[in-house]
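Participant: Right, I'll just put the structure down here and ask away after.
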Amino acid sequence: MSTTPRGRLFFANPGPTNIPDSILRAIDRPSQDFMDEGFVALFEECIRRLKPIIGTEGHVFMYTASGHGAWEASLVNLFSPGDTLLMLESGYFSESWTEMARKFGLAVETVSADWRRGVQTEAVRAALAGDTERRIKAVCAVHNETSTGVTLPIAEIRAALDETGHPALLLSDTISSLASIPYAMDAWGIDLTVGGSQKGLMLPAGMSFTAVSEKAMAAHREARLPRHYLDWTVMLSRRHRSFVGTIPTQMFYGLSEALRLLEEEGLEAVHARHRRLAGAVRAAARVWSGNAGLQIFCADPARCSDSVTAILMPGGHDAEAVRRAALGRYNVSLGGGLGRLAGRVFRIGHLGDLNEPMILGTLAAVEMSLADAGVPHGRGGVAAAMDALRA
Ligand SMILES: *Cc1c(COP(=O)(O)O)cnc(C)c1O
């Protein structure tokens, strides 16, 4: 049974995320010459204010592309054909980054992992220690694996590199953690950070970036993969020292407003809000696990993501039926299972522009949808979430 949707669509995907009205208003601008000095000043100010969110003083290169474009930039700017990367398996996104690297002729070795826990630091240390010829040029990690809802302790990965004295670069994908979960690029010794516009930064999709350390810039000067549109050297020769081609000016009015919102709330408060809302989602999900029902997909409580929760269906039940009920009857959009998790999990995104009643509304719709779809579950998840939010 589907009804005509009225009221707001409750958008609980883990990307893209809700765009605040003030950002939508800010983007609503006529076209402008991107060489205009007023725009150049706005652009430079955006970059300056974005850096503390990433925790870096390194250069930020921007692309008119979704996050995949920034992944591609990370590969073509740093490596040469035949170079070896060490990919830390986390889920669908580490698999996709691997697939892309192989298409560019890179050799990818994988530290394999249980998707419900993420890679164990000890296994990373062993892989690095075993690389006595120092063939591995870079370790690639997805800080927050959006397909599984598992967050990796990147600082521990850095420590594994330091303890083994391995010179590899450390690359980290923060597309679903930046401005949601604490991240400190320079303090954690990360050489390249991949970020995107449409998750924690609350913007439309279509812009992504890489922040780059001095060590990564030195590697870039030796790298021989063909590139042009994403080439940092080409970018550095241009006025904005970012972008090749037309700059999406409207996005920067949106980014400036997004940064204002984050600055007004304060980054620590932004992180605390994400932690609080995530705690409510997990409290509800723990109640739903009653009656041999659903499980939080992340099996390591210390690694459960504060920006997205993947929920594993009981055997024989299809996650898509729950998503259909939520959207069709209650106007609530949930994330689906990606790759091998298709049909087995649904995902509740809890990052970006969200507050308590939005989360509670989503959780109530999920609980009703579980009943509608005949999925076994414990009742009372929303009450547990309310308790968690008031604690
Ligand atoms: C969303 C996401 C991507 C892909 O980004 P697109 O903007 O969809 O190209 C890559 N990595 C992670 C961790 C993501 O969450």
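Following the order of the structure tokens, first chain is A, next is B, and so on, with residues numbered from 1 inside each chain and ligands from 1 in the order they appear.
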Could you list, as number ranges by chain, all the residues within 9 Å of ligand 1, counting only C-alpha atoms and all ligand atoms?
Facilitator: A: 14-16, 65-71, 92-94, 96-97, 142-147, 173-177, 194-199, 205-208
Participant: Identify all residues of region 38-250 of chain A in alpha helix (DSSP H) (DSSP on the backbone) and supply them as a PyMOL selection string.
Facilitator: chain A and resi 38-54+67-78+92-103+121-130+154-164+214-222+232-236+249-250
Participant: Could you please determine the separation between CA of Arg344 (chain A) and CA of Asn13 (chain A) in Å, to one decimal place?
Facilitator: 16.2 Å
Participant: Extract, using only C-alpha atoms, all DNA, RNA and protein residues at most 12 Å from Thr362 (chain A), discarding same-chain residues fewer than 5 positions from it, and format them as a ChimeraX atom specification.
Facilitator: /A:8-13,277,280-281,284,323,326-327,330-335,347-350,354-357,367-369,381-382,385
Participant: Have a look at A:Val111, A:Ala371, A:Leu192, A:Ala391 and name the one nearest to Ala321 (chain A); count only C-alpha atoms.
Facilitator: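 Closest residue, counting only C-alpha atoms: A:Ala371.
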Participant: Would you please extract all strand (DSSP E or B) residues from region 85-271 of chain A, as assigned by DSSP on the backbone, and give them as a PyMOL selection string?
Facilitator: chain A and resi 85-88+107-111+136-142+144-145+150-151+169-173+192-196+208-212
Participant: Please compute the CA of Ile54 (chain A)-CA of Leu341 (chain A) distance, one decimal, in Å.
Facilitator: 29.9 Å
Participant: Go through A:Ser172, A:Thr110, A:Ser289, A:Thr309 one by one, measure the shortest atom-to-atom distance of each to Glu95 (chain A) using only C-alpha atoms, and give the residue with the smallest value.
Facilitator: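 With only C-alpha atoms as the atom set, the closest residue is A:Thr110.
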Participant: Just the residues within 6 Å of region 243-254 of chain A, please, counting only C-alpha atoms, with nothing from its chain fewer than 2 positions along; format it as number ranges by chain.
Facilitator: A: 23, 26-27, 62-63, 229, 235, 256-257
Participant: Please write the residues from the selection above to a file, keeping all heavy atoms, as a PDB file, in the first residue's frame.
Facilitator:
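The result, stored in result00.pdb:
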```pdb
ATOM      1  N   ILE A  23      21.940  26.604   2.915  1.00  0.00           N
ATOM      2  CA  ILE A  23      22.908  26.250   1.855  1.00  0.00           C
ATOM      3  C   ILE A  23      22.214  26.298   0.494  1.00  0.00           C
ATOM      4  O   ILE A  23      22.770  26.813  -0.486  1.00  0.00           O
ATOM      5  CB  ILE A  23      23.548  24.876   2.139  1.00  0.00           C
ATOM      6  CG1 ILE A  23      24.454  24.969   3.385  1.00  0.00           C
ATOM      7  CG2 ILE A  23      24.340  24.387   0.925  1.00  0.00           C
ATOM      8  CD1 ILE A  23      25.207  23.687   3.724  1.00  0.00           C
ATOM      9  N   ALA A  26      22.069  29.778  -0.450  1.00  0.00           N
ATOM     10  CA  ALA A  26      23.392  30.337  -0.780  1.00  0.00           C
ATOM     11  C   ALA A  26      23.825  29.946  -2.192  1.00  0.00           C
ATOM     12  O   ALA A  26      24.484  30.726  -2.885  1.00  0.00           O
ATOM     13  CB  ALA A  26      24.426  29.865   0.244  1.00  0.00           C
ATOM     14  N   ILE A  27      23.448  28.731  -2.608  1.00  0.00           N
ATOM     15  CA  ILE A  27      23.849  28.242  -3.933  1.00  0.00           C
ATOM     16  C   ILE A  27      23.062  28.919  -5.044  1.00  0.00           C
ATOM     17  O   ILE A  27      23.500  28.976  -6.190  1.00  0.00           O
ATOM     18  CB  ILE A  27      23.660  26.700  -3.985  1.00  0.00           C
ATOM     19  CG1 ILE A  27      24.675  26.023  -3.074  1.00  0.00           C
ATOM     20  CG2 ILE A  27      23.789  26.173  -5.399  1.00  0.00           C
ATOM     21  CD1 ILE A  27      24.417  24.542  -2.889  1.00  0.00           C
ATOM     22  N   MET A  62      40.990  20.620  -5.591  1.00  0.00           N
ATOM     23  CA  MET A  62      39.550  20.366  -5.723  1.00  0.00           C
ATOM     24  C   MET A  62      39.202  19.937  -7.142  1.00  0.00           C
ATOM     25  O   MET A  62      39.857  20.353  -8.106  1.00  0.00           O
ATOM     26  CB  MET A  62      38.772  21.613  -5.350  1.00  0.00           C
ATOM     27  CG  MET A  62      39.097  22.092  -3.950  1.00  0.00           C
ATOM     28  SD  MET A  62      37.763  23.049  -3.243  1.00  0.00           S
ATOM     29  CE  MET A  62      37.019  21.869  -2.173  1.00  0.00           C
ATOM     30  N   TYR A  63      38.154  19.131  -7.235  1.00  0.00           N
ATOM     31  CA  TYR A  63      37.727  18.563  -8.525  1.00  0.00           C
ATOM     32  C   TYR A  63      36.230  18.733  -8.706  1.00  0.00           C
ATOM     33  O   TYR A  63      35.478  18.588  -7.737  1.00  0.00           O
ATOM     34  CB  TYR A  63      38.054  17.060  -8.576  1.00  0.00           C
ATOM     35  CG  TYR A  63      39.411  16.736  -7.995  1.00  0.00           C
ATOM     36  CD1 TYR A  63      39.528  16.233  -6.695  1.00  0.00           C
ATOM     37  CD2 TYR A  63      40.572  16.989  -8.725  1.00  0.00           C
ATOM     38  CE1 TYR A  63      40.772  15.971  -6.146  1.00  0.00           C
ATOM     39  CE2 TYR A  63      41.825  16.735  -8.176  1.00  0.00           C
ATOM     40  CZ  TYR A  63      41.920  16.221  -6.889  1.00  0.00           C
ATOM     41  OH  TYR A  63      43.143  15.974  -6.336  1.00  0.00           O
ATOM     42  N   TYR A 229      43.209  16.128 -16.575  1.00  0.00           N
ATOM     43  CA  TYR A 229      42.132  16.883 -15.926  1.00  0.00           C
ATOM     44  C   TYR A 229      42.308  16.893 -14.401  1.00  0.00           C
ATOM     45  O   TYR A 229      41.892  17.825 -13.725  1.00  0.00           O
ATOM     46  CB  TYR A 229      40.769  16.270 -16.317  1.00  0.00           C
ATOM     47  CG  TYR A 229      39.573  17.008 -15.766  1.00  0.00           C
ATOM     48  CD1 TYR A 229      39.365  18.360 -16.047  1.00  0.00           C
ATOM     49  CD2 TYR A 229      38.636  16.352 -14.969  1.00  0.00           C
ATOM     50  CE1 TYR A 229      38.264  19.040 -15.551  1.00  0.00           C
ATOM     51  CE2 TYR A 229      37.533  17.031 -14.467  1.00  0.00           C
ATOM     52  CZ  TYR A 229      37.355  18.373 -14.766  1.00  0.00           C
ATOM     53  OH  TYR A 229      36.263  19.027 -14.262  1.00  0.00           O
ATOM     54  N   MET A 235      47.182  21.907 -12.196  1.00  0.00           N
ATOM     55  CA  MET A 235      46.397  22.773 -11.298  1.00  0.00           C
ATOM     56  C   MET A 235      47.253  23.864 -10.666  1.00  0.00           C
ATOM     57  O   MET A 235      46.834  25.017 -10.568  1.00  0.00           O
ATOM     58  CB  MET A 235      45.746  21.920 -10.200  1.00  0.00           C
ATOM     59  CG  MET A 235      44.630  21.044 -10.756  1.00  0.00           C
ATOM     60  SD  MET A 235      43.798  20.109  -9.472  1.00  0.00           S
ATOM     61  CE  MET A 235      42.654  19.184 -10.514  1.00  0.00           C
ATOM     62  N   SER A 256      30.856  27.893   1.539  1.00  0.00           N
ATOM     63  CA  SER A 256      31.088  28.951   2.518  1.00  0.00           C
ATOM     64  C   SER A 256      30.003  28.913   3.600  1.00  0.00           C
ATOM     65  O   SER A 256      30.294  29.050   4.804  1.00  0.00           O
ATOM     66  CB  SER A 256      31.094  30.305   1.800  1.00  0.00           C
ATOM     67  OG  SER A 256      31.290  31.341   2.732  1.00  0.00           O
ATOM     68  N   GLU A 257      28.758  28.699   3.193  1.00  0.00           N
ATOM     69  CA  GLU A 257      27.665  28.617   4.167  1.00  0.00           C
ATOM     70  C   GLU A 257      27.791  27.339   5.008  1.00  0.00           C
ATOM     71  O   GLU A 257      27.558  27.358   6.225  1.00  0.00           O
ATOM     72  CB  GLU A 257      26.306  28.679   3.444  1.00  0.00           C
ATOM     73  CG  GLU A 257      25.086  28.469   4.331  1.00  0.00           C
ATOM     74  CD  GLU A 257      24.927  29.491   5.462  1.00  0.00           C
ATOM     75  OE1 GLU A 257      25.639  30.526   5.481  1.00  0.00           O
ATOM     76  OE2 GLU A 257      24.087  29.236   6.353  1.00  0.00           O
TER      77      GLU A 257
END
```
Participant: Here is a test: counting only C-alpha atoms, which residue of A:Gly105, A:Gly316, A:Pro153, A:Gly290 is nearest to Val124 (chain A)?
Facilitator: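 Looking only at the distances to Val124 (chain A), the closest residue turns out to be A:Pro153.
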Participant: Between A:Leu169, A:Leu259, A:Ala126, A:Leu178, which has the minimum distance to Val212 (chain A) (counting only C-alpha atoms)?
Facilitator: A:Leu169
Participant: Could you check the closest approach to Tyr183 (chain A) for each of A:Ala269, A:Cys46, A:Val366, A:Ile53 and tell me which residue wins, using only C-alpha atoms?
Facilitator: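 Checking each candidate against Tyr183 (chain A), we get A:Ile53 as the closest.
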Participant: If we count only C-alpha atoms and set the cut-off at 8 Å, which residues sit around Ala160 (chain A), ignoring sequence neighbours fewer than 6 positions away in its own chain? Please answer as an MDAnalysis selection string.
Facilitator: chainID A and resid 121:122 124:125 128
Participant: What does the file look like for those residues with all heavy atoms, as a PDB file, in the first residue's frame?
Facilitator:
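New file part.pdb:
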```pdb
ATOM      1  N   THR A 121      44.768  -4.262  13.140  1.00  0.00           N
ATOM      2  CA  THR A 121      46.024  -3.516  12.998  1.00  0.00           C
ATOM      3  C   THR A 121      47.219  -4.461  12.940  1.00  0.00           C
ATOM      4  O   THR A 121      48.187  -4.219  12.215  1.00  0.00           O
ATOM      5  CB  THR A 121      46.177  -2.528  14.172  1.00  0.00           C
ATOM      6  OG1 THR A 121      44.963  -1.787  14.269  1.00  0.00           O
ATOM      7  CG2 THR A 121      47.318  -1.566  13.938  1.00  0.00           C
ATOM      8  N   GLU A 122      47.140  -5.541  13.708  1.00  0.00           N
ATOM      9  CA  GLU A 122      48.238  -6.509  13.735  1.00  0.00           C
ATOM     10  C   GLU A 122      48.489  -7.092  12.339  1.00  0.00           C
ATOM     11  O   GLU A 122      49.641  -7.308  11.943  1.00  0.00           O
ATOM     12  CB  GLU A 122      47.888  -7.625  14.747  1.00  0.00           C
ATOM     13  CG  GLU A 122      49.028  -8.526  15.117  1.00  0.00           C
ATOM     14  CD  GLU A 122      50.357  -7.781  15.309  1.00  0.00           C
ATOM     15  OE1 GLU A 122      50.394  -6.817  16.108  1.00  0.00           O
ATOM     16  OE2 GLU A 122      51.339  -8.161  14.650  1.00  0.00           O
ATOM     17  N   VAL A 124      47.931  -5.577   9.521  1.00  0.00           N
ATOM     18  CA  VAL A 124      48.554  -4.525   8.713  1.00  0.00           C
ATOM     19  C   VAL A 124      50.050  -4.476   9.022  1.00  0.00           C
ATOM     20  O   VAL A 124      50.896  -4.404   8.123  1.00  0.00           O
ATOM     21  CB  VAL A 124      47.904  -3.150   9.005  1.00  0.00           C
ATOM     22  CG1 VAL A 124      48.550  -2.068   8.146  1.00  0.00           C
ATOM     23  CG2 VAL A 124      46.396  -3.202   8.766  1.00  0.00           C
ATOM     24  N   ARG A 125      50.348  -4.531  10.321  1.00  0.00           N
ATOM     25  CA  ARG A 125      51.758  -4.492  10.745  1.00  0.00           C
ATOM     26  C   ARG A 125      52.518  -5.669  10.126  1.00  0.00           C
ATOM     27  O   ARG A 125      53.635  -5.508   9.604  1.00  0.00           O
ATOM     28  CB  ARG A 125      51.838  -4.532  12.276  1.00  0.00           C
ATOM     29  CG  ARG A 125      53.213  -4.186  12.823  1.00  0.00           C
ATOM     30  CD  ARG A 125      53.242  -4.161  14.353  1.00  0.00           C
ATOM     31  NE  ARG A 125      52.345  -3.153  14.883  1.00  0.00           N
ATOM     32  CZ  ARG A 125      51.358  -3.367  15.749  1.00  0.00           C
ATOM     33  NH1 ARG A 125      51.137  -4.544  16.202  1.00  0.00           N
ATOM     34  NH2 ARG A 125      50.582  -2.408  16.170  1.00  0.00           N
ATOM     35  N   LEU A 128      53.231  -5.120   6.430  1.00  0.00           N
ATOM     36  CA  LEU A 128      54.301  -4.134   6.219  1.00  0.00           C
ATOM     37  C   LEU A 128      55.652  -4.729   6.577  1.00  0.00           C
ATOM     38  O   LEU A 128      56.641  -4.555   5.853  1.00  0.00           O
ATOM     39  CB  LEU A 128      54.020  -2.885   7.055  1.00  0.00           C
ATOM     40  CG  LEU A 128      52.806  -2.059   6.600  1.00  0.00           C
ATOM     41  CD1 LEU A 128      52.445  -1.020   7.653  1.00  0.00           C
ATOM     42  CD2 LEU A 128      53.077  -1.390   5.257  1.00  0.00           C
TER      43      LEU A 128
END
```
Participant: I'd like the interatomic distance between CA of Gly189 (chain A) and CA of Ser213 (chain A), to a tenth of an Å.
Facilitator: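 Result for CA of Gly189 (chain A) versus CA of Ser213 (chain A): 8.7 Å, one decimal.
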Participant: For Ser305 (chain A), work out the shell of residues within 6 Å, counting only C-alpha atoms and skipping chain neighbours fewer than 4 positions away, then give it as a PyMOL selection string.
Facilitator: chain A and resi 149-151
Participant: Go through A:Val287, A:Leu261, A:Leu312, A:Ala342 one by one, measure the shortest atom-to-atom distance of each to Arg116 (chain A) using only C-alpha atoms, and give the residue with the smallest value.
Facilitator: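 Closest to Arg116 (chain A), using only C-alpha atoms: A:Leu312.
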Participant: If we count only C-alpha atoms and set the cut-off at 9 Å, which residues sit around Pro314 (chain A), ignoring sequence neighbours fewer than 2 positions away in its own chain? Please answer as an mmCIF file with C-alpha atoms, in the first residue's frame.
Facilitator:
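Here's the written file selection.cif:
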```cif
data_model
loop_
_atom_site.group_PDB
_atom_site.id
_atom_site.type_symbol
_atom_site.label_atom_id
_atom_site.label_comp_id
_atom_site.auth_asym_id
_atom_site.auth_seq_id
_atom_site.Cartn_x
_atom_site.Cartn_y
_atom_site.Cartn_z
ATOM 1 C CA ALA A 292 15.967 -13.308 16.846
ATOM 2 C CA GLY A 293 15.581 -10.128 14.820
ATOM 3 C CA LEU A 294 18.035 -7.716 13.255
ATOM 4 C CA GLN A 295 21.667 -7.169 14.171
ATOM 5 C CA LEU A 312 21.715 -6.907 9.106
ATOM 6 C CA GLY A 316 15.431 -15.249 4.799
ATOM 7 C CA HIS A 317 14.260 -11.619 5.002
ATOM 8 C CA ASP A 318 14.898 -9.013 2.320
ATOM 9 C CA ARG A 344 21.033 -8.298 3.414
ATOM 10 C CA VAL A 375 10.449 -9.006 9.882
ATOM 11 C CA PRO A 376 11.025 -10.444 13.382
#
```
